[in-house]
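With mmCIF, C-alpha atoms and all ligand atoms inside, this is coords-v9.cif:
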```cif
data_final
#
loop_
_atom_site.label_atom_id
_atom_site.label_comp_id
_atom_site.auth_asym_id
_atom_site.auth_seq_id
_atom_site.Cartn_x
_atom_site.Cartn_y
_atom_site.Cartn_z
CA MET F 120 0.00 0.00 0.00
CA ILE F 121 1.29 3.46 -0.90
CA TYR F 122 -0.48 6.28 0.91
CA LEU F 123 -0.31 9.55 -1.04
CA ASP F 124 -3.22 11.37 0.56
CA HIS F 125 -1.51 13.33 3.33
CA ALA F 126 -3.16 16.56 2.18
CA ALA F 127 -6.50 15.00 3.21
CA THR F 128 -5.17 13.53 6.44
CA SER F 129 -1.83 12.09 7.51
CA TYR F 130 -1.57 8.32 7.88
CA PRO F 131 -0.34 6.36 9.69
CA LYS F 132 0.00 8.49 12.80
CA PRO F 133 3.20 8.12 14.82
CA PRO F 134 2.78 5.28 17.36
CA GLN F 135 3.33 7.84 20.14
CA VAL F 136 0.03 9.49 19.15
CA LEU F 137 -1.91 6.27 19.64
CA ALA F 138 -0.11 5.60 22.92
CA ALA F 139 -0.86 9.10 24.26
CA MET F 140 -4.55 8.75 23.40
CA ASN F 141 -4.75 5.38 25.04
CA ASP F 142 -2.92 6.69 28.07
CA PHE F 143 -5.27 9.68 28.33
CA LEU F 144 -8.33 7.46 28.43
CA GLU F 145 -6.75 5.02 30.84
CA ARG F 146 -5.07 7.37 33.26
CA ALA F 147 -6.27 10.94 32.79
CA GLY F 148 -9.87 10.52 31.69
CA GLY F 149 -11.37 13.40 33.72
CA ASN F 150 -13.02 16.48 32.24
CA PRO F 151 -10.32 19.18 31.99
CA GLY F 152 -11.08 22.44 33.77
CA ARG F 153 -14.30 21.12 35.29
CA SER F 154 -13.87 19.11 38.47
CA GLY F 155 -11.09 19.52 41.02
CA HIS F 156 -10.11 15.86 41.38
CA ARG F 157 -6.87 14.42 40.16
CA LEU F 158 -8.20 12.89 36.95
CA SER F 159 -9.60 16.25 35.89
CA ILE F 160 -6.34 17.96 36.83
CA ALA F 161 -4.29 15.37 34.93
CA ALA F 162 -6.47 15.90 31.83
CA GLY F 163 -6.16 19.69 32.20
CA ARG F 164 -2.37 19.37 32.40
CA ILE F 165 -2.22 17.44 29.13
CA VAL F 166 -4.46 19.96 27.38
CA TYR F 167 -2.33 22.83 28.68
CA ASP F 168 0.93 21.13 27.63
CA THR F 169 -0.44 20.86 24.09
CA ARG F 170 -1.37 24.56 24.17
CA GLU F 171 2.21 25.36 25.17
CA SER F 172 3.67 23.27 22.35
CA LEU F 173 1.39 24.97 19.82
CA ALA F 174 2.19 28.46 21.14
CA GLU F 175 5.88 27.70 20.71
CA LEU F 176 5.33 26.25 17.22
CA PHE F 177 3.30 29.24 16.01
CA GLY F 178 5.45 31.94 17.60
CA ILE F 179 3.12 33.48 20.17
CA SER F 180 3.93 33.99 23.83
CA ASP F 181 0.56 33.30 25.52
CA PRO F 182 -0.57 29.64 25.33
CA LEU F 183 -4.10 30.71 26.34
CA ARG F 184 -4.45 32.23 22.90
CA ILE F 185 -4.45 28.73 21.43
CA LEU F 186 -8.17 28.00 21.09
CA PHE F 187 -9.01 24.35 20.57
CA MET F 188 -11.75 23.57 18.07
CA GLN F 189 -12.66 20.48 16.14
CA ASN F 190 -10.86 21.41 12.92
CA ALA F 191 -9.71 24.28 10.70
CA THR F 192 -13.19 24.72 9.23
CA TYR F 193 -14.59 25.56 12.64
CA ALA F 194 -11.76 28.02 13.30
CA LEU F 195 -12.23 29.73 9.93
CA ASN F 196 -15.97 30.03 10.53
CA THR F 197 -15.33 31.50 13.97
CA VAL F 198 -13.30 34.30 12.45
CA LEU F 199 -15.38 34.96 9.36
CA GLN F 200 -18.70 34.91 11.18
CA GLY F 201 -17.42 36.54 14.35
CA LEU F 202 -15.48 39.42 12.81
CA LEU F 203 -17.38 40.41 9.67
CA HIS F 204 -20.62 42.36 9.81
CA PRO F 205 -22.94 43.70 7.09
CA GLY F 206 -21.17 46.54 5.30
CA ASP F 207 -17.69 45.12 5.98
CA ARG F 208 -15.36 44.21 3.16
CA VAL F 209 -13.15 41.13 3.03
CA VAL F 210 -10.45 40.19 0.54
CA THR F 211 -9.55 36.62 -0.26
CA GLY F 212 -7.64 34.71 -2.94
CA GLY F 213 -8.55 32.58 -5.92
CA MET F 214 -7.12 29.38 -4.39
CA GLU F 215 -9.32 29.15 -1.31
CA HIS F 216 -10.90 26.00 0.06
CA ASN F 217 -14.66 25.86 0.61
CA ALA F 218 -13.96 26.14 4.34
CA VAL F 219 -13.41 29.82 3.51
CA MET F 220 -15.52 30.28 0.38
CA ARG F 221 -18.77 28.81 1.69
CA PRO F 222 -18.97 30.95 4.84
CA LEU F 223 -17.94 33.97 2.76
CA ARG F 224 -20.64 33.36 0.15
CA GLU F 225 -23.17 33.09 2.98
CA LEU F 226 -21.91 36.33 4.52
CA GLU F 227 -22.14 37.97 1.11
CA LYS F 228 -25.90 37.30 1.18
CA ARG F 229 -25.99 39.14 4.50
CA GLY F 230 -24.29 42.27 3.16
CA VAL F 231 -20.56 41.59 3.50
CA GLN F 232 -18.60 42.60 0.39
CA VAL F 233 -16.33 39.75 -0.75
CA ASP F 234 -13.46 40.53 -3.14
CA VAL F 235 -11.69 37.51 -4.59
CA ILE F 236 -8.19 38.27 -5.90
CA PRO F 237 -7.56 36.10 -8.97
CA ALA F 238 -4.76 33.56 -8.80
CA GLU F 239 -2.38 32.76 -11.65
CA SER F 240 -2.82 29.47 -13.49
CA ASP F 241 -0.01 27.95 -11.38
CA GLY F 242 -1.87 28.85 -8.19
CA SER F 243 0.26 31.89 -7.29
CA ILE F 244 -1.29 34.91 -5.63
CA HIS F 245 0.44 38.28 -5.98
CA ALA F 246 0.36 40.36 -2.83
CA SER F 247 0.18 43.56 -4.86
CA ALA F 248 -3.15 42.39 -6.32
CA CYS F 249 -4.72 42.68 -2.83
CA ALA F 250 -3.44 46.20 -2.24
CA ASP F 251 -6.24 48.20 -3.86
CA VAL F 252 -9.05 46.35 -2.09
CA LEU F 253 -7.22 46.61 1.20
CA ARG F 254 -6.71 50.32 0.75
CA ALA F 255 -10.38 50.72 -0.14
CA GLY F 256 -11.22 49.76 3.45
CA ALA F 257 -11.28 45.96 3.88
CA ARG F 258 -11.62 44.73 7.46
CA LEU F 259 -10.04 41.36 6.83
CA ALA F 260 -7.77 39.52 4.41
CA ALA F 261 -8.37 35.75 4.50
CA ILE F 262 -5.63 33.86 2.71
CA ASN F 263 -4.67 30.25 2.28
CA HIS F 264 -1.04 29.69 3.29
CA ALA F 265 -0.69 26.90 0.73
CA SER F 266 -3.21 25.50 -1.72
CA ASN F 267 -4.56 22.02 -1.11
CA VAL F 268 -4.87 21.63 -4.90
CA THR F 269 -1.45 22.71 -6.18
CA GLY F 270 0.59 23.19 -3.01
CA THR F 271 1.49 26.73 -4.11
CA ILE F 272 2.64 28.81 -1.14
CA ALA F 273 1.22 32.34 -0.78
CA PRO F 274 3.49 35.34 0.01
CA ILE F 275 2.12 35.77 3.54
CA LEU F 276 4.79 38.24 4.70
CA GLU F 277 4.07 40.67 1.89
CA ILE F 278 0.31 40.30 2.26
CA ALA F 279 0.64 40.89 6.02
CA LYS F 280 2.51 44.16 5.44
CA LEU F 281 -0.12 45.44 3.02
CA THR F 282 -2.95 44.28 5.29
CA HIS F 283 -1.59 46.07 8.32
CA ALA F 284 -0.74 49.21 6.39
CA ALA F 285 -4.43 49.31 5.45
CA GLY F 286 -5.53 48.76 9.06
CA ALA F 287 -7.10 45.36 8.35
CA PHE F 288 -6.63 41.97 10.06
CA LEU F 289 -4.95 38.99 8.45
CA LEU F 290 -6.47 35.52 8.78
CA VAL F 291 -4.31 32.68 7.46
CA ASP F 292 -5.69 29.25 6.65
CA ALA F 293 -2.81 27.00 7.67
CA ALA F 294 -4.67 23.70 7.15
CA GLN F 295 -2.01 22.56 4.67
CA THR F 296 1.04 24.13 6.30
CA ALA F 297 0.85 23.72 10.08
CA GLY F 298 3.64 21.26 10.89
CA VAL F 299 4.98 21.52 7.34
CA LEU F 300 6.31 25.08 6.97
CA PRO F 301 7.65 27.35 9.71
CA ILE F 302 4.91 29.72 10.90
CA HIS F 303 5.91 32.45 13.33
CA MET F 304 2.79 34.56 13.74
CA THR F 305 4.52 37.44 15.47
CA ASP F 306 7.34 37.72 12.93
CA MET F 307 5.07 37.14 9.96
CA GLY F 308 2.35 39.56 11.08
CA ILE F 309 -0.48 37.02 11.19
CA ASP F 310 -3.38 38.12 13.41
CA LEU F 311 -5.46 34.96 13.26
CA LEU F 312 -4.36 31.48 12.27
CA ALA F 313 -6.65 28.54 11.59
CA PHE F 314 -4.96 25.14 11.87
CA THR F 315 -6.03 21.55 11.74
CA GLY F 316 -4.45 18.85 13.89
CA HIS F 317 -4.91 15.78 11.69
CA LYS F 318 -2.69 16.66 8.74
CA GLY F 319 0.90 17.95 9.11
CA LEU F 320 0.72 18.10 12.90
CA GLN F 321 0.24 14.31 12.94
CA GLY F 322 -2.63 14.42 15.42
CA PRO F 323 -5.97 12.62 15.23
CA PRO F 324 -9.12 13.88 13.46
CA GLY F 325 -11.30 16.14 15.58
CA THR F 326 -8.41 18.39 16.59
CA GLY F 327 -7.43 21.84 15.40
CA GLY F 328 -8.20 25.39 16.32
CA LEU F 329 -7.66 29.06 16.09
CA VAL F 330 -4.63 31.03 17.27
CA LEU F 331 -4.96 34.68 18.25
CA ALA F 332 -1.81 36.78 17.89
CA ASP F 333 -0.54 38.28 21.15
CA SER F 334 -1.54 41.69 19.78
CA PHE F 335 -5.08 40.72 18.72
CA ASP F 336 -7.87 42.15 20.86
CA PRO F 337 -10.47 39.38 21.44
CA SER F 338 -13.25 41.90 21.97
CA GLN F 339 -13.16 42.32 18.16
CA LEU F 340 -14.17 38.70 17.65
CA ASP F 341 -17.50 37.21 18.75
CA PRO F 342 -17.49 33.52 19.68
CA LEU F 343 -19.36 31.19 17.34
CA VAL F 344 -20.71 29.01 20.14
CA ARG F 345 -21.48 29.79 23.77
CA GLY F 346 -21.95 27.40 26.69
CA GLY F 347 -20.30 25.74 29.66
CA THR F 348 -16.61 26.40 30.14
CA GLY F 349 -16.01 25.07 33.65
CA SER F 350 -15.17 28.64 34.69
CA ARG F 351 -17.33 31.48 36.09
CA SER F 352 -20.27 29.13 36.40
CA GLU F 353 -22.18 31.76 38.40
CA PHE F 354 -22.76 33.81 35.22
CA GLU F 355 -25.24 33.08 32.47
CA ILE F 356 -23.21 35.13 30.03
CA GLN F 357 -20.11 33.87 28.24
CA PRO F 358 -16.88 34.72 30.08
CA ASP F 359 -14.36 36.95 28.30
CA ASP F 360 -11.32 35.05 29.62
CA LEU F 361 -9.17 33.15 27.16
CA PRO F 362 -9.47 30.48 26.01
CA ASP F 363 -12.94 30.05 27.59
CA ARG F 364 -14.57 32.79 25.49
CA TYR F 365 -14.18 30.49 22.48
CA GLU F 366 -14.06 27.01 24.03
CA SER F 367 -17.53 25.95 25.13
CA GLY F 368 -18.42 22.37 25.94
CA THR F 369 -16.19 19.47 26.90
CA PRO F 370 -12.98 19.61 24.86
CA ASN F 371 -11.66 16.67 22.86
CA GLY F 372 -9.14 15.77 25.59
CA VAL F 373 -8.19 12.46 24.06
CA GLY F 374 -7.61 14.05 20.68
CA ILE F 375 -5.64 16.92 22.18
CA ALA F 376 -3.46 14.37 24.02
CA GLY F 377 -2.78 12.70 20.66
CA LEU F 378 -2.07 16.06 19.05
CA GLY F 379 0.42 16.87 21.82
CA ALA F 380 2.24 13.62 21.08
CA GLY F 381 2.18 14.44 17.35
CA LEU F 382 3.80 17.79 18.10
CA ASN F 383 6.50 16.14 20.21
CA TRP F 384 7.18 13.66 17.42
CA LEU F 385 7.47 16.53 14.95
CA LYS F 386 9.89 18.38 17.19
CA GLU F 387 12.08 15.33 17.69
CA TYR F 388 12.08 14.46 14.00
CA GLY F 389 12.70 18.08 12.98
CA MET F 390 10.34 19.95 10.69
CA ASP F 391 13.27 21.07 8.54
CA VAL F 392 14.36 17.45 8.05
CA LEU F 393 10.82 16.50 7.01
CA ARG F 394 10.54 19.46 4.67
CA ALA F 395 13.85 18.57 2.98
CA HIS F 396 12.60 15.00 2.55
CA GLU F 397 9.29 16.15 1.07
CA ILE F 398 11.11 18.46 -1.35
CA GLU F 399 13.20 15.51 -2.51
CA LEU F 400 10.06 13.40 -2.98
CA THR F 401 8.12 16.06 -4.88
CA THR F 402 11.07 16.90 -7.11
CA ARG F 403 11.38 13.24 -8.13
CA LEU F 404 7.62 12.86 -8.54
CA ARG F 405 7.24 15.99 -10.69
CA GLU F 406 10.18 14.95 -12.85
CA GLY F 407 8.88 11.41 -13.34
CA LEU F 408 5.29 12.43 -14.01
CA GLY F 409 6.44 15.29 -16.25
CA ASN F 410 8.03 12.76 -18.63
CA ILE F 411 4.75 10.94 -19.25
CA LYS F 412 3.21 11.89 -22.59
CA GLY F 413 -0.16 13.61 -22.27
CA LEU F 414 0.22 14.22 -18.54
CA HIS F 415 -0.31 17.82 -17.41
CA LEU F 416 1.15 18.98 -14.12
CA TYR F 417 -0.29 21.98 -12.28
CA GLY F 418 1.24 24.30 -9.74
CA VAL F 419 4.70 25.85 -9.60
CA ASN F 420 7.77 23.94 -10.74
CA ASP F 421 10.01 25.11 -7.91
CA PRO F 422 9.43 22.71 -4.96
CA ASN F 423 10.64 25.42 -2.58
CA LEU F 424 7.56 27.45 -3.46
CA SER F 425 5.19 24.57 -2.87
CA THR F 426 4.17 22.01 -0.28
CA ALA F 427 4.26 18.30 -1.14
CA VAL F 428 1.04 18.41 -3.14
CA ILE F 429 1.01 17.55 -6.84
CA SER F 430 -2.04 17.81 -9.08
CA PHE F 431 -2.23 16.48 -12.62
CA THR F 432 -4.53 15.36 -15.41
CA LEU F 433 -3.91 12.87 -18.18
CA ASP F 434 -5.22 13.31 -21.73
CA GLY F 435 -8.01 10.88 -22.58
CA LYS F 436 -8.51 9.58 -19.03
CA ARG F 437 -11.05 10.67 -16.43
CA VAL F 438 -9.51 11.51 -13.07
CA SER F 439 -11.97 9.13 -11.40
CA GLU F 440 -10.71 6.27 -13.62
CA ILE F 441 -7.10 7.05 -12.74
CA GLY F 442 -7.90 7.14 -9.03
CA TYR F 443 -9.81 3.89 -9.25
CA ARG F 444 -7.06 2.09 -11.15
CA LEU F 445 -4.35 3.35 -8.81
CA ASP F 446 -6.28 1.97 -5.88
CA ASP F 447 -7.51 -1.24 -7.48
CA GLU F 448 -4.45 -2.33 -9.46
CA TYR F 449 -1.57 -0.75 -7.51
CA GLU F 450 -2.86 -0.06 -3.99
CA ILE F 451 -1.87 3.57 -4.38
CA PHE F 452 -4.20 5.83 -2.45
CA CYS F 453 -4.68 9.43 -3.57
CA ARG F 454 -7.55 11.88 -4.05
CA VAL F 455 -9.24 12.87 -7.28
CA GLY F 456 -11.77 15.56 -8.20
CA LEU F 457 -12.17 19.08 -6.86
CA HIS F 458 -10.73 18.59 -3.35
CA CYS F 459 -13.39 20.90 -1.82
CA ALA F 460 -11.81 23.83 -3.64
CA PRO F 461 -13.78 24.70 -6.80
CA ALA F 462 -12.38 28.24 -6.80
CA ALA F 463 -8.85 26.87 -7.05
CA HIS F 464 -9.79 24.64 -10.00
CA ARG F 465 -11.39 27.58 -11.77
CA SER F 466 -8.12 29.46 -11.28
CA ILE F 467 -5.92 26.71 -12.70
CA GLY F 468 -8.37 25.72 -15.44
CA THR F 469 -9.37 22.26 -14.22
CA PHE F 470 -13.00 22.94 -13.25
CA PRO F 471 -15.30 20.93 -13.18
CA GLU F 472 -13.38 17.66 -13.75
CA GLY F 473 -10.67 18.40 -11.19
CA THR F 474 -7.32 16.70 -10.90
CA VAL F 475 -5.59 13.66 -9.52
CA ARG F 476 -3.75 14.75 -6.38
CA PHE F 477 -0.67 13.07 -4.96
CA ALA F 478 0.38 14.21 -1.50
CA PRO F 479 3.33 12.27 -0.06
CA GLY F 480 4.10 12.51 3.63
CA PRO F 481 6.97 12.32 6.11
CA LEU F 482 7.43 8.57 5.83
CA THR F 483 6.88 8.19 2.08
CA THR F 484 9.98 6.71 0.44
CA LEU F 485 11.68 7.37 -2.90
CA THR F 486 10.99 3.72 -3.78
CA GLU F 487 7.28 4.38 -3.35
CA ILE F 488 7.56 7.47 -5.53
CA ASP F 489 9.28 5.44 -8.26
CA ALA F 490 6.58 2.75 -8.04
CA THR F 491 3.93 5.45 -8.39
CA ILE F 492 5.58 6.90 -11.48
CA ARG F 493 5.75 3.40 -13.04
CA ALA F 494 2.07 2.82 -12.26
CA LEU F 495 1.16 6.08 -13.96
CA GLU F 496 3.29 5.20 -16.99
CA ARG F 497 1.35 1.96 -17.34
CA ILE F 498 -2.03 3.63 -16.85
CA ALA F 499 -1.11 6.27 -19.46
CA ALA F 500 -0.09 3.55 -21.92
CA SER F 501 -3.24 1.43 -21.60
C1 LIG F 601 -6.66 24.57 2.53
C2 LIG F 601 -7.62 23.91 3.44
N1 LIG F 601 -8.39 24.67 4.24
C3 LIG F 601 -9.25 24.15 5.11
C4 LIG F 601 -9.39 22.78 5.21
C5 LIG F 601 -10.36 22.24 6.19
O1 LIG F 601 -9.71 21.45 7.14
P1 LIG F 601 -10.59 20.55 8.13
O2 LIG F 601 -11.32 19.57 7.25
O3 LIG F 601 -9.61 19.89 9.02
O4 LIG F 601 -11.51 21.47 8.80
C6 LIG F 601 -8.64 21.94 4.40
C7 LIG F 601 -8.80 20.48 4.46
O5 LIG F 601 -8.53 19.75 3.55
C8 LIG F 601 -7.72 22.53 3.51
O6 LIG F 601 -6.96 21.77 2.72
#
```

In structure tokens, write the structure found in this file.
Ligand SMILES: Cc1ncc(COP(=O)(O)O)c(C=O)c1O
Amino acid sequence: MIYLDHAATSYPKPPQVLAAMNDFLERAGGNPGRSGHRLSIAAGRIVYDTRESLAELFGISDPLRILFMQNATYALNTVLQGLLHPGDRVVTGGMEHNAVMRPLRELEKRGVQVDVIPAESDGSIHASACADVLRAGARLAAINHASNVTGTIAPILEIAKLTHAAGAFLLVDAAQTAGVLPIHMTDMGIDLLAFTGHKGLQGPPGTGGLVLADSFDPSQLDPLVRGGTGSRSEFEIQPDDLPDRYESGTPNGVGIAGLGAGLNWLKEYGMDVLRAHEIELTTRLREGLGNIKGLHLYGVNDPNLSTAVISFTLDGKRVSEIGYRLDDEYEIFCRVGLHCAPAAHRSIGTFPEGTVRFAPGPLTTLTEIDATIRALERIAAS
């Protein structure tokens, strides 16, 4: 079996992740932040440790600004629905996932002006293209750090400078980059970061969240959900304290324990080592696929400007057929179609059929990449 679907979710998870989740349920199964007994305290400790690891990873100083949510979608919705009001203007890019586009299209119906900056056919976004809309009074720029269709990395630093010069906030969708590329929110000027735990961070599904920059004032952002927090139980109104303002209901303690172990694994392994490995894999894969007659590669050619995500089409073959044959004949698992990002496919010219997407991961080997190229050669020839 060759697993090339890490952009959907990473698999297999490091054994430490499974062990930490098992351990949490066996030995720390209390409700964190609720009761005062030792199981609750042990669970709270694990959750807090994971907050600390994430704060360090994302370059903020206050771990309480790590807000756990069930995934990146939830975090993106929290910002878009909690920050934008009728009459506000928001700028976004032509490579966004539906986790951004769908809430924005809904907000548009309610009177928010949505400006989509077109992307190039290789998935690149030019920061300068956002400048006019930002200057015209946008409240927010919502930008994908790297596309889940082509892997193309957006120029976040430049966009952040323009965004702040215009007095707007910058929301970055780091679903594809958390745990893959260095993200230092303070240095990069990111106000709000949505991350998911089950992809590059090696955690289980059901983990992720929103990170507020140290400088971001939470009174600007309404919570999406209100309810029990274990704190200030005497009040029937939502507390303003962080992270409770945004974390209602029992948290996914077992998932957060797994995520913490994923983060430790990542730190021990070294994100730079993993990135170098993924660049080697994608370089080989692009080269090999590029030599197949009738195969069209999308995205940028320079692997330094892309994550390990490769999209392609093959003349005369439906993407669904390619995906099926890879699975059925070669046990190669990938994703085909629109990858929840129709806007991105419109930008690169592959709408509505979509692409075949290969996304190798940390433990993918060069031998597996070579086997994948050979499989594609055979599929192309038959
Ligand atoms: C770019 C991008 N944004 C957002 C998401 C949503 O992530 P999740 O499904 O974990 O909420 C994904 C997931 O594939 C993604 O690739």

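Each of F:Glu215, F:Asp241, F:Asp142, F:Asp391 was checked against ligand LIG 601 (chain F) using only C-alpha atoms and all ligand atoms; the smallest atom-to-atom distance is that of F:Glu215.
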
Report, as AutoDock Vina command-line options, the axis-aligned box around all atoms of range 253-259 of chain F present in the file, extended by 8 Å on each side; give centre and edge lengths in Å to one decimal place.
```
--center_x -9.2 --center_y 46.0 --center_z 3.7 --size_x 20.9 --size_y 25.4 --size_z 23.6
```

Give me the residues within 9 Å of range 179-184 of chain F as a VMD selection string, counting all atoms listed in the file and dropping any in the same chain fewer than 3 places off.
chain F and resid 167 to 176 303 to 305 329 to 333 361 to 363

Using all atoms listed in the file, which residues have at least one atom no more than 6 Å from ligand LIG 601 (chain F)? Output them as a ChimeraX atom specification.
/F:127,190-192,216,218,266-267,292,294-295,315

Between CA of Gly298 in chain F and CA of Gln321 in chain F, distance in Å (one decimal):
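Taking CA of Gly298 in chain F as the start and CA of Gln321 in chain F as the end point, the length is 8.0 Å.
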
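Between CA of Val252 in chain F and CA of Asp234 in chain F the interatomic distance comes to 7.4 Å.
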
Final N, CA and C atoms of range 264-288 of chain F as a PDB file, in the coordinates of the input:
```
ATOM      1  N   HIS F 264      -2.514  29.689   3.272  1.00  0.00           N
ATOM      2  CA  HIS F 264      -1.040  29.690   3.290  1.00  0.00           C
ATOM      3  C   HIS F 264      -0.483  28.878   2.124  1.00  0.00           C
ATOM      4  N   ALA F 265      -1.083  27.692   1.905  1.00  0.00           N
ATOM      5  CA  ALA F 265      -0.690  26.900   0.730  1.00  0.00           C
ATOM      6  C   ALA F 265      -1.922  26.176   0.216  1.00  0.00           C
ATOM      7  N   SER F 266      -2.024  26.112  -1.094  1.00  0.00           N
ATOM      8  CA  SER F 266      -3.210  25.500  -1.720  1.00  0.00           C
ATOM      9  C   SER F 266      -3.235  23.995  -1.505  1.00  0.00           C
ATOM     10  N   ASN F 267      -4.427  23.476  -1.236  1.00  0.00           N
ATOM     11  CA  ASN F 267      -4.560  22.020  -1.110  1.00  0.00           C
ATOM     12  C   ASN F 267      -4.716  21.372  -2.484  1.00  0.00           C
ATOM     13  N   VAL F 268      -4.742  22.186  -3.551  1.00  0.00           N
ATOM     14  CA  VAL F 268      -4.870  21.630  -4.900  1.00  0.00           C
ATOM     15  C   VAL F 268      -3.509  21.582  -5.592  1.00  0.00           C
ATOM     16  N   THR F 269      -2.752  22.666  -5.480  1.00  0.00           N
ATOM     17  CA  THR F 269      -1.450  22.710  -6.180  1.00  0.00           C
ATOM     18  C   THR F 269      -0.256  22.771  -5.223  1.00  0.00           C
ATOM     19  N   GLY F 270      -0.509  23.047  -3.960  1.00  0.00           N
ATOM     20  CA  GLY F 270       0.590  23.190  -3.010  1.00  0.00           C
ATOM     21  C   GLY F 270       1.256  24.555  -3.025  1.00  0.00           C
ATOM     22  N   THR F 271       0.846  25.415  -3.952  1.00  0.00           N
ATOM     23  CA  THR F 271       1.490  26.730  -4.110  1.00  0.00           C
ATOM     24  C   THR F 271       1.415  27.551  -2.813  1.00  0.00           C
ATOM     25  N   ILE F 272       2.568  28.069  -2.408  1.00  0.00           N
ATOM     26  CA  ILE F 272       2.640  28.810  -1.140  1.00  0.00           C
ATOM     27  C   ILE F 272       2.395  30.309  -1.415  1.00  0.00           C
ATOM     28  N   ALA F 273       1.538  30.918  -0.592  1.00  0.00           N
ATOM     29  CA  ALA F 273       1.220  32.340  -0.780  1.00  0.00           C
ATOM     30  C   ALA F 273       2.264  33.218  -0.070  1.00  0.00           C
ATOM     31  N   PRO F 274       2.497  34.426  -0.597  1.00  0.00           N
ATOM     32  CA  PRO F 274       3.490  35.340   0.010  1.00  0.00           C
ATOM     33  C   PRO F 274       2.910  36.031   1.245  1.00  0.00           C
ATOM     34  N   ILE F 275       2.817  35.285   2.340  1.00  0.00           N
ATOM     35  CA  ILE F 275       2.120  35.770   3.540  1.00  0.00           C
ATOM     36  C   ILE F 275       2.770  37.042   4.113  1.00  0.00           C
ATOM     37  N   LEU F 276       4.103  37.062   4.126  1.00  0.00           N
ATOM     38  CA  LEU F 276       4.790  38.240   4.700  1.00  0.00           C
ATOM     39  C   LEU F 276       4.385  39.528   3.997  1.00  0.00           C
ATOM     40  N   GLU F 277       4.415  39.477   2.681  1.00  0.00           N
ATOM     41  CA  GLU F 277       4.070  40.670   1.890  1.00  0.00           C
ATOM     42  C   GLU F 277       2.608  41.044   2.087  1.00  0.00           C
ATOM     43  N   ILE F 278       1.748  40.024   2.092  1.00  0.00           N
ATOM     44  CA  ILE F 278       0.310  40.300   2.260  1.00  0.00           C
ATOM     45  C   ILE F 278       0.074  40.907   3.651  1.00  0.00           C
ATOM     46  N   ALA F 279       0.803  40.384   4.653  1.00  0.00           N
ATOM     47  CA  ALA F 279       0.640  40.890   6.020  1.00  0.00           C
ATOM     48  C   ALA F 279       1.014  42.379   6.078  1.00  0.00           C
ATOM     49  N   LYS F 280       2.081  42.743   5.407  1.00  0.00           N
ATOM     50  CA  LYS F 280       2.510  44.160   5.440  1.00  0.00           C
ATOM     51  C   LYS F 280       1.428  45.054   4.838  1.00  0.00           C
ATOM     52  N   LEU F 281       0.912  44.639   3.679  1.00  0.00           N
ATOM     53  CA  LEU F 281      -0.120  45.440   3.020  1.00  0.00           C
ATOM     54  C   LEU F 281      -1.388  45.491   3.869  1.00  0.00           C
ATOM     55  N   THR F 282      -1.720  44.364   4.485  1.00  0.00           N
ATOM     56  CA  THR F 282      -2.950  44.280   5.290  1.00  0.00           C
ATOM     57  C   THR F 282      -2.863  45.240   6.479  1.00  0.00           C
ATOM     58  N   HIS F 283      -1.708  45.216   7.138  1.00  0.00           N
ATOM     59  CA  HIS F 283      -1.590  46.070   8.320  1.00  0.00           C
ATOM     60  C   HIS F 283      -1.485  47.538   7.955  1.00  0.00           C
ATOM     61  N   ALA F 284      -0.829  47.809   6.827  1.00  0.00           N
ATOM     62  CA  ALA F 284      -0.740  49.210   6.390  1.00  0.00           C
ATOM     63  C   ALA F 284      -2.139  49.759   6.130  1.00  0.00           C
ATOM     64  N   ALA F 285      -3.054  48.869   5.735  1.00  0.00           N
ATOM     65  CA  ALA F 285      -4.430  49.310   5.450  1.00  0.00           C
ATOM     66  C   ALA F 285      -5.306  49.249   6.697  1.00  0.00           C
ATOM     67  N   GLY F 286      -4.757  48.811   7.823  1.00  0.00           N
ATOM     68  CA  GLY F 286      -5.530  48.760   9.060  1.00  0.00           C
ATOM     69  C   GLY F 286      -6.480  47.567   9.139  1.00  0.00           C
ATOM     70  N   ALA F 287      -6.232  46.543   8.326  1.00  0.00           N
ATOM     71  CA  ALA F 287      -7.100  45.360   8.350  1.00  0.00           C
ATOM     72  C   ALA F 287      -6.423  44.230   9.133  1.00  0.00           C
ATOM     73  N   PHE F 288      -7.182  43.164   9.392  1.00  0.00           N
ATOM     74  CA  PHE F 288      -6.630  41.970  10.060  1.00  0.00           C
ATOM     75  C   PHE F 288      -6.288  40.926   9.003  1.00  0.00           C
TER      76      PHE F 288
END
```
